[in-house]
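Dropping model30.cif in here (mmCIF, C-alpha atoms):
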```cif
data_final
loop_
_atom_site.label_atom_id
_atom_site.label_comp_id
_atom_site.auth_asym_id
_atom_site.auth_seq_id
_atom_site.Cartn_x
_atom_site.Cartn_y
_atom_site.Cartn_z
CA MET A 188 -3.64 -11.23 0.12
CA ASN A 189 -4.85 -13.09 3.16
CA ASP A 190 -5.61 -12.17 6.73
CA ALA A 191 -2.59 -14.07 7.97
CA ALA A 192 -0.28 -11.87 5.88
CA ILE A 193 -1.70 -8.62 7.22
CA GLN A 194 -1.77 -9.94 10.75
CA SER A 195 1.85 -10.98 10.60
CA LEU A 196 2.68 -7.59 9.09
CA ASP A 197 0.89 -5.68 11.81
CA ALA A 198 2.41 -7.87 14.49
CA PHE A 199 5.85 -7.21 13.00
CA LEU A 200 5.25 -3.45 12.87
CA GLN A 201 4.08 -3.31 16.45
CA LYS A 202 7.28 -5.08 17.50
CA VAL A 203 9.35 -2.14 16.23
CA PRO A 204 9.69 0.38 19.07
CA TYR A 205 10.00 3.36 16.70
CA VAL A 206 6.71 2.44 14.95
CA ARG A 207 4.97 2.50 18.33
CA PHE A 208 6.74 5.77 19.16
CA LEU A 209 5.22 7.36 16.04
CA GLY A 210 1.86 5.64 16.61
CA MET A 211 1.72 4.30 13.04
CA ARG A 212 -0.45 1.35 11.98
CA VAL A 213 -1.54 -0.29 8.72
CA GLU A 214 -4.96 -1.24 7.38
CA LEU A 215 -5.92 -3.53 4.55
CA ALA A 216 -8.87 -3.13 2.18
CA GLY A 217 -8.91 -6.04 -0.22
CA ASP A 218 -5.35 -6.22 -1.45
CA GLU A 219 -4.63 -2.52 -0.84
CA MET A 220 -2.62 -1.54 2.19
CA THR A 221 -3.05 1.90 3.70
CA ALA A 222 -0.70 3.13 6.39
CA VAL A 223 -2.20 5.44 9.01
CA LEU A 224 -0.38 7.96 11.18
CA PRO A 225 -2.86 9.30 13.74
CA PHE A 226 -2.11 12.88 14.68
CA SER A 227 -0.35 13.37 17.97
CA GLN A 228 1.15 16.44 19.63
CA HIS A 229 4.66 14.95 19.75
CA LEU A 230 4.81 14.77 15.94
CA ILE A 231 4.70 18.55 15.52
CA GLY A 232 7.73 20.27 14.01
CA ASN A 233 6.46 23.82 13.77
CA PRO A 234 4.18 24.79 16.66
CA MET A 235 3.22 28.09 15.03
CA LEU A 236 1.35 26.68 12.04
CA PRO A 237 1.06 23.98 13.54
CA ALA A 238 2.60 21.45 11.14
CA ILE A 239 3.84 17.88 11.44
CA HIS A 240 7.65 17.61 11.41
CA GLY A 241 9.04 16.97 7.92
CA GLY A 242 11.21 14.23 9.36
CA VAL A 243 8.14 12.46 10.73
CA ILE A 244 6.51 12.53 7.31
CA GLY A 245 9.68 11.18 5.73
CA ALA A 246 9.94 8.41 8.32
CA PHE A 247 6.24 7.52 7.87
CA LEU A 248 6.69 7.28 4.07
CA GLU A 249 9.78 5.10 4.45
CA LEU A 250 8.05 2.78 6.91
CA THR A 251 5.09 2.52 4.53
CA ALA A 252 7.46 1.39 1.76
CA LEU A 253 9.03 -1.21 4.07
CA ALA A 254 5.59 -2.43 5.19
CA GLN A 255 4.44 -2.84 1.59
CA LEU A 256 7.61 -4.81 0.78
CA SER A 257 7.11 -6.99 3.86
CA LEU A 258 3.56 -7.67 2.76
CA ALA A 259 4.75 -8.74 -0.67
CA GLN A 260 7.45 -10.98 0.77
CA PRO A 261 6.13 -12.05 4.16
CA ALA A 262 8.66 -14.84 4.68
CA GLN A 263 11.77 -12.71 4.19
CA ARG A 264 13.71 -10.39 6.44
CA VAL A 265 12.73 -6.75 6.32
CA PRO A 266 14.67 -4.96 3.54
CA LYS A 267 17.33 -2.33 4.26
CA THR A 268 16.88 1.21 3.03
CA VAL A 269 19.54 2.20 0.50
CA ASP A 270 18.37 5.71 -0.36
CA ILE A 271 15.23 7.82 -0.23
CA THR A 272 14.14 11.05 -1.87
CA ILE A 273 11.31 12.86 -0.14
CA GLU A 274 9.35 15.59 -1.90
CA TYR A 275 7.27 17.88 0.27
CA LEU A 276 4.20 19.24 -1.47
CA ARG A 277 2.05 20.75 1.28
CA SER A 278 2.55 21.22 4.97
CA GLY A 279 1.25 18.35 7.07
CA ARG A 280 -1.47 19.82 9.25
CA ALA A 281 -2.41 18.72 12.76
CA GLN A 282 -4.58 15.80 11.68
CA ASP A 283 -4.29 12.14 10.68
CA THR A 284 -2.08 11.27 7.70
CA TYR A 285 -2.42 8.32 5.30
CA ALA A 286 0.00 6.73 2.84
CA ARG A 287 0.04 4.11 0.13
CA ALA A 288 3.01 2.54 -1.60
CA ILE A 289 3.54 1.19 -5.11
CA LEU A 290 6.22 -1.41 -5.74
CA ARG A 291 7.48 -0.12 -9.08
CA LYS A 292 10.07 -2.82 -9.43
CA VAL A 293 11.06 -5.69 -7.21
CA GLY A 294 14.27 -7.09 -8.60
CA ARG A 295 16.44 -9.88 -7.32
CA ARG A 296 18.42 -7.67 -4.95
CA VAL A 297 16.89 -4.21 -5.01
CA ALA A 298 13.33 -2.84 -5.04
CA ASN A 299 12.18 0.60 -6.20
CA VAL A 300 9.17 1.84 -4.24
CA GLN A 301 7.09 4.98 -4.56
CA VAL A 302 4.92 6.26 -1.70
CA GLU A 303 2.45 9.09 -1.44
CA ALA A 304 0.95 10.61 1.71
CA TRP A 305 -2.23 12.62 2.03
CA GLN A 306 -4.60 14.00 4.65
CA ASP A 307 -8.05 15.24 3.56
CA SER A 308 -7.91 14.28 -0.07
CA ARG A 309 -5.83 11.69 -1.82
CA ALA A 310 -5.85 13.92 -4.91
CA GLN A 311 -3.90 16.53 -2.91
CA PRO A 312 -0.88 14.64 -1.58
CA ILE A 313 1.21 16.34 1.11
CA ALA A 314 4.42 14.43 0.33
CA GLY A 315 5.93 11.72 -1.84
CA LEU A 316 8.89 9.38 -1.53
CA THR A 317 10.90 7.33 -3.97
CA GLY A 318 13.31 4.87 -2.45
CA HIS A 319 15.59 1.94 -3.15
CA PHE A 320 15.58 -0.97 -0.74
CA LEU A 321 18.00 -3.84 -0.47
CA LEU A 322 16.16 -7.17 -0.40
CA ARG A 323 17.51 -9.76 1.96
CA ASN A 324 16.76 -13.22 0.72
CA GLU A 325 17.02 -14.87 4.09
CA PRO A 326 14.17 -16.14 6.19
CA ARG A 327 12.72 -13.83 8.81
CA THR A 328 13.77 -14.80 12.31
CA MET B 18 4.75 28.20 22.71
CA SER B 19 3.78 31.86 22.25
CA ASP B 20 7.42 32.96 22.36
CA PHE B 21 8.47 30.48 19.66
CA ASP B 22 8.98 33.23 17.11
CA THR B 23 11.03 35.50 19.33
CA ALA B 24 13.20 32.91 21.06
CA PRO B 25 16.90 32.75 20.07
CA LEU B 26 17.43 30.35 17.18
CA PRO B 27 19.00 27.41 19.08
CA GLU B 28 16.21 27.45 21.65
CA ARG B 29 13.60 27.77 18.95
CA MET B 30 14.94 24.74 17.12
CA LEU B 31 14.68 22.73 20.32
CA MET B 32 11.15 23.93 21.08
CA ALA B 33 9.67 21.93 18.22
CA PRO B 34 7.70 19.22 20.04
CA HIS B 35 9.09 16.46 17.81
CA ALA B 36 12.70 17.58 18.35
CA ASP B 37 11.98 17.41 22.06
CA ALA B 38 10.29 14.00 21.74
CA LEU B 39 13.36 12.63 19.94
CA GLY B 40 15.62 14.07 22.64
CA MET B 41 17.51 16.23 20.12
CA ARG B 42 20.28 18.38 21.51
CA LEU B 43 22.21 21.22 19.97
CA VAL B 44 25.93 20.53 19.69
CA SER B 45 27.15 23.63 17.87
CA ILE B 46 25.98 26.41 15.61
CA GLU B 47 27.78 28.93 13.43
CA LYS B 48 26.77 30.91 10.36
CA GLY B 49 25.46 28.45 7.78
CA ARG B 50 26.36 25.38 9.83
CA GLY B 51 24.78 23.42 12.60
CA VAL B 52 25.38 20.18 14.49
CA MET B 53 22.69 18.33 16.44
CA THR B 54 22.57 14.96 18.13
CA THR B 55 19.93 12.43 19.21
CA PRO B 56 21.01 10.04 21.98
CA TRP B 57 20.01 6.39 21.65
CA ARG B 58 17.05 5.13 23.57
CA GLU B 59 14.90 2.00 23.43
CA GLU B 60 11.81 3.78 22.00
CA LEU B 61 13.72 4.90 18.91
CA VAL B 62 14.89 1.45 17.84
CA GLY B 63 14.04 0.41 14.28
CA ASP B 64 15.39 -3.13 14.39
CA PRO B 65 14.48 -4.91 17.62
CA GLU B 66 16.87 -7.76 16.77
CA THR B 67 19.95 -5.55 16.81
CA GLY B 68 18.89 -2.47 18.80
CA VAL B 69 19.90 -0.17 15.92
CA ILE B 70 18.19 3.24 15.92
CA ALA B 71 15.47 3.66 13.23
CA SER B 72 16.44 5.29 9.95
CA GLY B 73 13.40 7.55 10.44
CA VAL B 74 15.17 9.10 13.42
CA VAL B 75 18.16 9.84 11.17
CA THR B 76 15.77 11.41 8.63
CA ALA B 77 14.14 13.65 11.24
CA LEU B 78 17.49 14.67 12.75
CA ILE B 79 18.94 15.52 9.32
CA ASP B 80 15.84 17.49 8.30
CA HIS B 81 15.93 19.45 11.54
CA THR B 82 19.68 20.12 11.39
CA CYS B 83 19.33 21.32 7.78
CA GLY B 84 16.68 23.79 8.96
CA LEU B 85 19.03 24.98 11.70
CA ALA B 86 21.85 25.54 9.17
CA ILE B 87 19.55 27.53 6.85
CA ASN B 88 18.22 29.67 9.69
CA SER B 89 21.71 30.37 10.97
CA ALA B 90 22.83 31.30 7.46
CA ILE B 91 19.99 33.80 7.13
CA GLY B 92 20.75 35.22 10.54
CA GLU B 93 17.18 36.17 11.36
CA PRO B 94 14.09 34.13 12.18
CA MET B 95 12.30 33.19 8.99
CA PRO B 96 9.80 30.43 8.32
CA ILE B 97 11.17 27.86 5.87
CA ALA B 98 9.81 24.69 4.29
CA THR B 99 11.62 21.61 3.03
CA LEU B 100 11.12 21.15 -0.72
CA ASP B 101 13.01 17.89 -1.03
CA LEU B 102 15.41 15.80 0.93
CA ARG B 103 17.52 12.95 -0.40
CA ILE B 104 19.27 10.64 2.03
CA ASP B 105 21.78 7.91 1.24
CA TYR B 106 22.06 5.35 4.02
CA LEU B 107 25.69 4.29 3.78
CA ARG B 108 25.61 1.69 6.53
CA PRO B 109 23.52 0.80 9.57
CA ALA B 110 24.35 2.66 12.75
CA ALA B 111 26.05 0.76 15.56
CA PRO B 112 23.62 -0.96 17.97
CA ARG B 113 22.44 1.08 20.94
CA THR B 114 24.21 4.21 19.66
CA GLY B 115 22.86 7.71 19.05
CA ILE B 116 23.23 9.79 15.89
CA THR B 117 24.87 13.15 15.25
CA ALA B 118 24.24 15.23 12.13
CA GLU B 119 26.04 18.23 10.67
CA ALA B 120 24.41 20.39 8.01
CA HIS B 121 25.94 23.08 5.83
CA ALA B 122 23.77 25.63 4.04
CA TYR B 123 26.16 26.35 1.20
CA ARG B 124 24.02 28.49 -1.07
CA LEU B 125 21.09 30.81 -0.45
CA THR B 126 19.09 32.66 -3.04
CA ARG B 127 16.18 34.97 -2.27
CA THR B 128 13.73 32.07 -2.35
CA ILE B 129 15.73 28.84 -2.05
CA GLY B 130 18.36 27.44 0.31
CA PHE B 131 20.59 24.49 -0.60
CA VAL B 132 21.96 22.29 2.14
CA ARG B 133 24.22 19.26 2.47
CA ALA B 134 24.30 17.12 5.56
CA GLU B 135 26.21 14.19 7.00
CA ALA B 136 25.36 11.89 9.88
CA TRP B 137 27.50 9.54 11.94
CA ASP B 138 27.21 7.42 15.05
CA VAL B 139 30.64 7.20 16.71
CA ASP B 140 33.31 8.61 14.42
CA ARG B 141 32.87 11.82 12.41
CA GLY B 142 34.95 10.23 9.64
CA ASP B 143 32.82 7.08 9.40
CA LEU B 144 29.42 8.27 8.15
CA VAL B 145 26.13 6.41 8.38
CA ALA B 146 24.27 8.78 6.02
CA THR B 147 24.73 11.69 3.65
CA ALA B 148 21.97 14.02 2.52
CA GLN B 149 21.14 16.84 0.15
CA ALA B 150 18.16 19.14 0.58
CA ALA B 151 16.49 22.22 -0.86
CA PHE B 152 14.36 24.55 1.25
CA MET B 153 11.94 27.29 0.33
CA LEU B 154 12.71 30.45 2.30
CA ASN B 155 10.38 32.94 3.93
CA THR B 156 7.27 30.88 3.48
CA ARG B 157 5.29 33.42 5.49
CA THR B 158 5.05 35.75 2.48
CA GLN B 159 3.15 32.98 0.70
CA PRO B 160 -0.53 32.66 1.52
CA LEU B 161 -0.90 29.72 3.86
CA LYS B 162 -2.49 26.92 1.90
CA VAL B 163 -5.45 25.44 3.67
CA GLY B 164 -7.08 22.33 2.23
#
```
Go ahead and render the structure in this file as structure tokens.
Amino acid sequence: MNDAAIQSLDAFLQKVPYVRFLGMRVELAGDEMTAVLPFSQHLIGNPMLPAIHGGVIGAFLELTALAQLSLAQPAQRVPKTVDITIEYLRSGRAQDTYARAILRKVGRRVANVQVEAWQDSRAQPIAGLTGHFLLRNEPRT
Amino acid sequence: MSDFDTAPLPERMLMAPHADALGMRLVSIEKGRGVMTTPWREELVGDPETGVIASGVVTALIDHTCGLAINSAIGEPMPIATLDLRIDYLRPAAPRTGITAEAHAYRLTRTIGFVRAEAWDVDRGDLVATAQAAFMLNTRTQPLKVG
């Protein structure tokens, strides 16, 4: 993993309006990418708890999977999401959320990716996602 | 937000800050069913090349509409939590077009609610996504997990 790859990834992510809307960014430590979703008031789904909206957590997990795939295949177009299954384990509290993705299989046409999100402790994940993504073997424009 | 718990259900669903931030609007509600829509806007775009709305917006809209359907099926305000949510993205939405989702809470037990949902952009018969979810009901009776 080189700096150019992460820089092109971050530049790509910041070009997506919805990524900016959420406030998501990615960080790289060695070859490990961590996605960060800083807490913000507009992410709240339940103001009584308060808790981050389940849809926000799902979207953050999906974007983390896409970012990890982009990092692995920096020259190709961003994959398309085929299906996702999100499992909610704990409510997302009003604080920053982190996620990491594992590429379980990258085939010729489809990739299977697993993502986990946490807040205080990585050993206590708040949500997980498994998804299939259609790879597009065409150069990124 | 102090009247969140006592507000009528449709208003309460729209009071969630993220629903407001996405510009979600209630289309219709009946017992066990709800329809909500999110109009297109530049900020919500997932693919800057085409102007197609982000799939994350579809996810949030479906999750929220499923919650609405469960709450309307119960008929009284009750805190609920999504257990899992599976979404199939059948095709990309049309460029610069909003999304509408309909959810149907088709089975409730004392602790769990099962919901199906569909989402489309222009034509109700030409879906962009289908979804299946399970919710835990009345989460307030559970001790709130902290940490």
Residues of chain A that approach chain B to 7 Å or less, counting all atoms listed in the file: could you list each one with the shortest pair of atoms and its distance in Å to one decimal, rows by chain and increasing residue number, as JSON lines?
```
{"residue": "A:Val203", "atom": "CA", "partner": "B:Gly63", "partner_atom": "CA", "distance": 5.7}
{"residue": "A:Pro204", "atom": "CA", "partner": "B:Glu60", "partner_atom": "CA", "distance": 5.0}
{"residue": "A:Tyr205", "atom": "CA", "partner": "B:Leu61", "partner_atom": "CA", "distance": 4.6}
{"residue": "A:Phe208", "atom": "CA", "partner": "B:Glu60", "partner_atom": "CA", "distance": 6.1}
{"residue": "A:His229", "atom": "CA", "partner": "B:His35", "partner_atom": "CA", "distance": 5.1}
{"residue": "A:Leu230", "atom": "CA", "partner": "B:His35", "partner_atom": "CA", "distance": 5.0}
{"residue": "A:Ile231", "atom": "CA", "partner": "B:His35", "partner_atom": "CA", "distance": 5.4}
{"residue": "A:Gly232", "atom": "CA", "partner": "B:Ala33", "partner_atom": "CA", "distance": 4.9}
{"residue": "A:Asn233", "atom": "CA", "partner": "B:Ala33", "partner_atom": "CA", "distance": 5.8}
{"residue": "A:Pro234", "atom": "CA", "partner": "B:Ala33", "partner_atom": "CA", "distance": 6.4}
{"residue": "A:His240", "atom": "CA", "partner": "B:His35", "partner_atom": "CA", "distance": 6.7}
{"residue": "A:Gly241", "atom": "CA", "partner": "B:Asp80", "partner_atom": "CA", "distance": 6.8}
{"residue": "A:Gly242", "atom": "CA", "partner": "B:Ala77", "partner_atom": "CA", "distance": 3.5}
{"residue": "A:Val243", "atom": "CA", "partner": "B:Ala77", "partner_atom": "CA", "distance": 6.1}
{"residue": "A:Gly245", "atom": "CA", "partner": "B:Thr76", "partner_atom": "CA", "distance": 6.7}
{"residue": "A:Ala246", "atom": "CA", "partner": "B:Gly73", "partner_atom": "CA", "distance": 4.1}
{"residue": "A:Thr268", "atom": "CA", "partner": "B:Tyr106", "partner_atom": "CA", "distance": 6.7}
{"residue": "A:Val269", "atom": "CA", "partner": "B:Tyr106", "partner_atom": "CA", "distance": 5.4}
{"residue": "A:Asp270", "atom": "CA", "partner": "B:Asp105", "partner_atom": "CA", "distance": 4.4}
{"residue": "A:Ile271", "atom": "CA", "partner": "B:Ile104", "partner_atom": "CA", "distance": 5.4}
{"residue": "A:Thr272", "atom": "CA", "partner": "B:Arg103", "partner_atom": "CA", "distance": 4.1}
{"residue": "A:Ile273", "atom": "CA", "partner": "B:Leu102", "partner_atom": "CA", "distance": 5.2}
{"residue": "A:Glu274", "atom": "CA", "partner": "B:Asp101", "partner_atom": "CA", "distance": 4.4}
{"residue": "A:Tyr275", "atom": "CA", "partner": "B:Leu100", "partner_atom": "CA", "distance": 5.1}
```
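Across A:Ala198, A:Thr284, A:Glu249, A:Asn324, the tightest approach to A:Asn299 is made by A:Glu249 when counting only C-alpha atoms.
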Distance table requested - stretch 228-252 of chain A against stretch 218-223 of chain A, cut-off 10 Å, all atoms listed in the file: one row per qualifying residue with the closest atom pair and its distance in Å to one decimal, ordered by chain and rising residue number, as JSON lines.
```
{"residue": "A:Phe247", "atom": "CA", "partner": "A:Ala222", "partner_atom": "CA", "distance": 8.3}
{"residue": "A:Leu248", "atom": "CA", "partner": "A:Ala222", "partner_atom": "CA", "distance": 8.8}
{"residue": "A:Leu250", "atom": "CA", "partner": "A:Ala222", "partner_atom": "CA", "distance": 8.8}
{"residue": "A:Thr251", "atom": "CA", "partner": "A:Ala222", "partner_atom": "CA", "distance": 6.1}
{"residue": "A:Ala252", "atom": "CA", "partner": "A:Ala222", "partner_atom": "CA", "distance": 9.5}
```
Pick from A:Arg295, A:Arg309, A:Arg280, A:Arg287 nearest to A:Ser227, counting all atoms listed in the file: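 The shortest atom-to-atom distance to A:Ser227 comes from A:Arg280.
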Pick out the residues sitting within 12 Å of A:Asp307, and hand them over as a PyMOL selection string; count all atoms listed in the file, and ignore anything fewer than 4 positions along from it in its own chain. (chain A and resi 277+279-286+311-313) or (chain B and resi 163-164)
Please dump the current selection as a tab-separated table (two decimals), keeping the file's coordinate frame; keep C-alpha atoms.
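Once written, again.tsv looks like this:
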```
chain	number	residue	atom	x	y	z
A	277	ARG	CA	2.05	20.75	1.28
A	279	GLY	CA	1.25	18.35	7.07
A	280	ARG	CA	-1.47	19.82	9.25
A	281	ALA	CA	-2.41	18.72	12.76
A	282	GLN	CA	-4.58	15.80	11.68
A	283	ASP	CA	-4.29	12.14	10.68
A	284	THR	CA	-2.08	11.27	7.70
A	285	TYR	CA	-2.42	8.32	5.30
A	286	ALA	CA	0.00	6.73	2.84
A	311	GLN	CA	-3.90	16.53	-2.91
A	312	PRO	CA	-0.88	14.64	-1.58
A	313	ILE	CA	1.21	16.34	1.11
B	163	VAL	CA	-5.45	25.44	3.67
B	164	GLY	CA	-7.08	22.33	2.23
```
Two-atom distance - atom CA of B:Asp138, atom CA of B:Gly51 (Å):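 Calculated distance between atom CA of B:Asp138 and atom CA of B:Gly51 is 16.4 Å.
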Give the answer as one residue: which of B:Arg127, B:Lys48, B:His121, B:Arg141 has the shortest atom-to-atom distance to B:Asn155, using only C-alpha atoms? B:Arg127
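A straight line drawn from atom CA of B:Gly84 to atom CA of B:Gly130 is 9.5 Å long.
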All residues 10 Å or closer to A:Val265, only C-alpha atoms, same chain fewer than 5 positions away omitted, as a list in words: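 So the residues in contact are Phe199, Leu253, Ala254, Leu256, Ser257, Leu258, Gln260, Phe320, Leu321, Leu322, Arg323, Asn324, Glu325, Pro326 and Arg327 of chain A; Asp64 of chain B.
Comparing A:Leu236, A:Ala310, A:Ala298, A:Ile193 by their smallest distance to A:Ala216, the closest is A:Ile193 (using all atoms listed in the file).
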Adding 8 Å on each side of the box along x, y and z that holds all listed atoms of stretch 254-262 of chain A, could you give its centre and edge lengths in Å to one decimal, as lines of an AutoDock Vina configuration file?
```
center_x = 6.1
center_y = -8.6
center_z = 2.3
size_x = 21.1
size_y = 28.4
size_z = 21.9
```
Could you tell me how far atom CA of A:Leu224 sits from atom CA of A:Leu209, in Å to one decimal place? 7.4 Å
Pull out every residue that the PyMOL selection byres ((chain B and resi 45) around 12) matches in the shown coordinates and put them as a list in words.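 Evaluating the PyMOL selection byres ((chain B and resi 45) around 12) on this file yields Leu26, Pro27, Arg42, Leu43, Val44, Ile46, Glu47, Lys48, Gly49, Arg50, Gly51, Val52, Met53, Thr54, Thr82, Leu85, Ala86, Ser89, Thr117, Ala118, Glu119 and Ala120 of chain B.
Here the PyMOL selection byres ((chain B and resi 56) around 6) catches exactly these residues: Thr55, Trp57 and Gly115 of chain B.
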Residues as selected, C-alpha atoms, written as a compact mmCIF listing (two decimals), keeping the file's coordinate frame, can you do that?
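New file selection17.txt:
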```txt
# COMPACT_ATOMS: atom_id res chain seq x y z
CA THR B 55 19.93 12.43 19.21
CA TRP B 57 20.01 6.39 21.65
CA GLY B 115 22.86 7.71 19.05
```
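The nearest approach to A:Val293 among the residues A:Leu200, A:Met235, A:Leu276, A:Ala259, with only C-alpha atoms taken into account, belongs to A:Ala259.
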Would you mind telling me which residue in A:Leu290, A:Pro261, A:Pro266, A:Gly318 lies nearest to A:Asp197 when using all atoms listed in the file?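 With all atoms listed in the file as the atom set, the closest residue is A:Pro261.
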Please return stretch 114-139 of chain B, rebuilt to N, CA and C atoms, as a CSV table (one decimal), in the coordinates of the input.
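selection_29.csv written:
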```
chain,number,residue,atom,x,y,z
B,114,THR,N,23.4,3.0,19.8
B,114,THR,CA,24.2,4.2,19.7
B,114,THR,C,23.4,5.3,19.1
B,115,GLY,N,23.6,6.5,19.6
B,115,GLY,CA,22.9,7.7,19.0
B,115,GLY,C,23.5,8.2,17.7
B,116,ILE,N,22.8,9.3,17.2
B,116,ILE,CA,23.2,9.8,15.9
B,116,ILE,C,23.5,11.3,16.0
B,117,THR,N,24.6,11.7,15.3
B,117,THR,CA,24.9,13.2,15.2
B,117,THR,C,24.8,13.6,13.8
B,118,ALA,N,24.3,14.7,13.5
B,118,ALA,CA,24.2,15.2,12.1
B,118,ALA,C,24.8,16.6,12.0
B,119,GLU,N,25.5,16.9,11.0
B,119,GLU,CA,26.0,18.2,10.7
B,119,GLU,C,25.5,18.7,9.3
B,120,ALA,N,24.9,19.9,9.3
B,120,ALA,CA,24.4,20.4,8.0
B,120,ALA,C,25.1,21.7,7.6
B,121,HIS,N,25.3,21.9,6.4
B,121,HIS,CA,25.9,23.1,5.8
B,121,HIS,C,25.1,23.7,4.7
B,122,ALA,N,24.6,24.9,5.0
B,122,ALA,CA,23.8,25.6,4.0
B,122,ALA,C,24.8,26.4,3.2
B,123,TYR,N,25.0,25.8,2.0
B,123,TYR,CA,26.2,26.4,1.2
B,123,TYR,C,25.8,27.3,0.1
B,124,ARG,N,24.5,27.5,-0.1
B,124,ARG,CA,24.0,28.5,-1.1
B,124,ARG,C,22.6,28.9,-0.8
B,125,LEU,N,22.4,30.3,-0.7
B,125,LEU,CA,21.1,30.8,-0.4
B,125,LEU,C,20.8,31.8,-1.6
B,126,THR,N,19.6,31.6,-2.1
B,126,THR,CA,19.1,32.7,-3.0
B,126,THR,C,18.0,33.4,-2.3
B,127,ARG,N,17.3,34.3,-3.0
B,127,ARG,CA,16.2,35.0,-2.3
B,127,ARG,C,15.1,34.0,-1.8
B,128,THR,N,14.9,33.0,-2.6
B,128,THR,CA,13.7,32.1,-2.4
B,128,THR,C,14.1,30.7,-1.9
B,129,ILE,N,15.3,30.2,-2.3
B,129,ILE,CA,15.7,28.8,-2.0
B,129,ILE,C,17.0,28.7,-1.3
B,130,GLY,N,17.1,27.8,-0.4
B,130,GLY,CA,18.4,27.4,0.3
B,130,GLY,C,18.8,26.0,0.0
B,131,PHE,N,20.1,25.8,-0.3
B,131,PHE,CA,20.6,24.5,-0.6
B,131,PHE,C,21.5,24.0,0.5
B,132,VAL,N,21.3,22.8,1.0
B,132,VAL,CA,22.0,22.3,2.1
B,132,VAL,C,22.5,20.9,1.9
B,133,ARG,N,23.7,20.6,2.4
B,133,ARG,CA,24.2,19.3,2.5
B,133,ARG,C,24.4,18.9,3.9
B,134,ALA,N,24.2,17.6,4.2
B,134,ALA,CA,24.3,17.1,5.6
B,134,ALA,C,25.0,15.8,5.6
B,135,GLU,N,25.6,15.5,6.7
B,135,GLU,CA,26.2,14.2,7.0
B,135,GLU,C,25.8,13.7,8.4
B,136,ALA,N,25.7,12.4,8.6
B,136,ALA,CA,25.4,11.9,9.9
B,136,ALA,C,26.3,10.7,10.2
B,137,TRP,N,26.6,10.6,11.5
B,137,TRP,CA,27.5,9.5,11.9
B,137,TRP,C,27.1,9.1,13.3
B,138,ASP,N,27.6,7.9,13.7
B,138,ASP,CA,27.2,7.4,15.0
B,138,ASP,C,28.3,7.7,16.1
B,139,VAL,N,29.5,7.1,15.7
B,139,VAL,CA,30.6,7.2,16.7
B,139,VAL,C,31.7,8.2,16.2
```
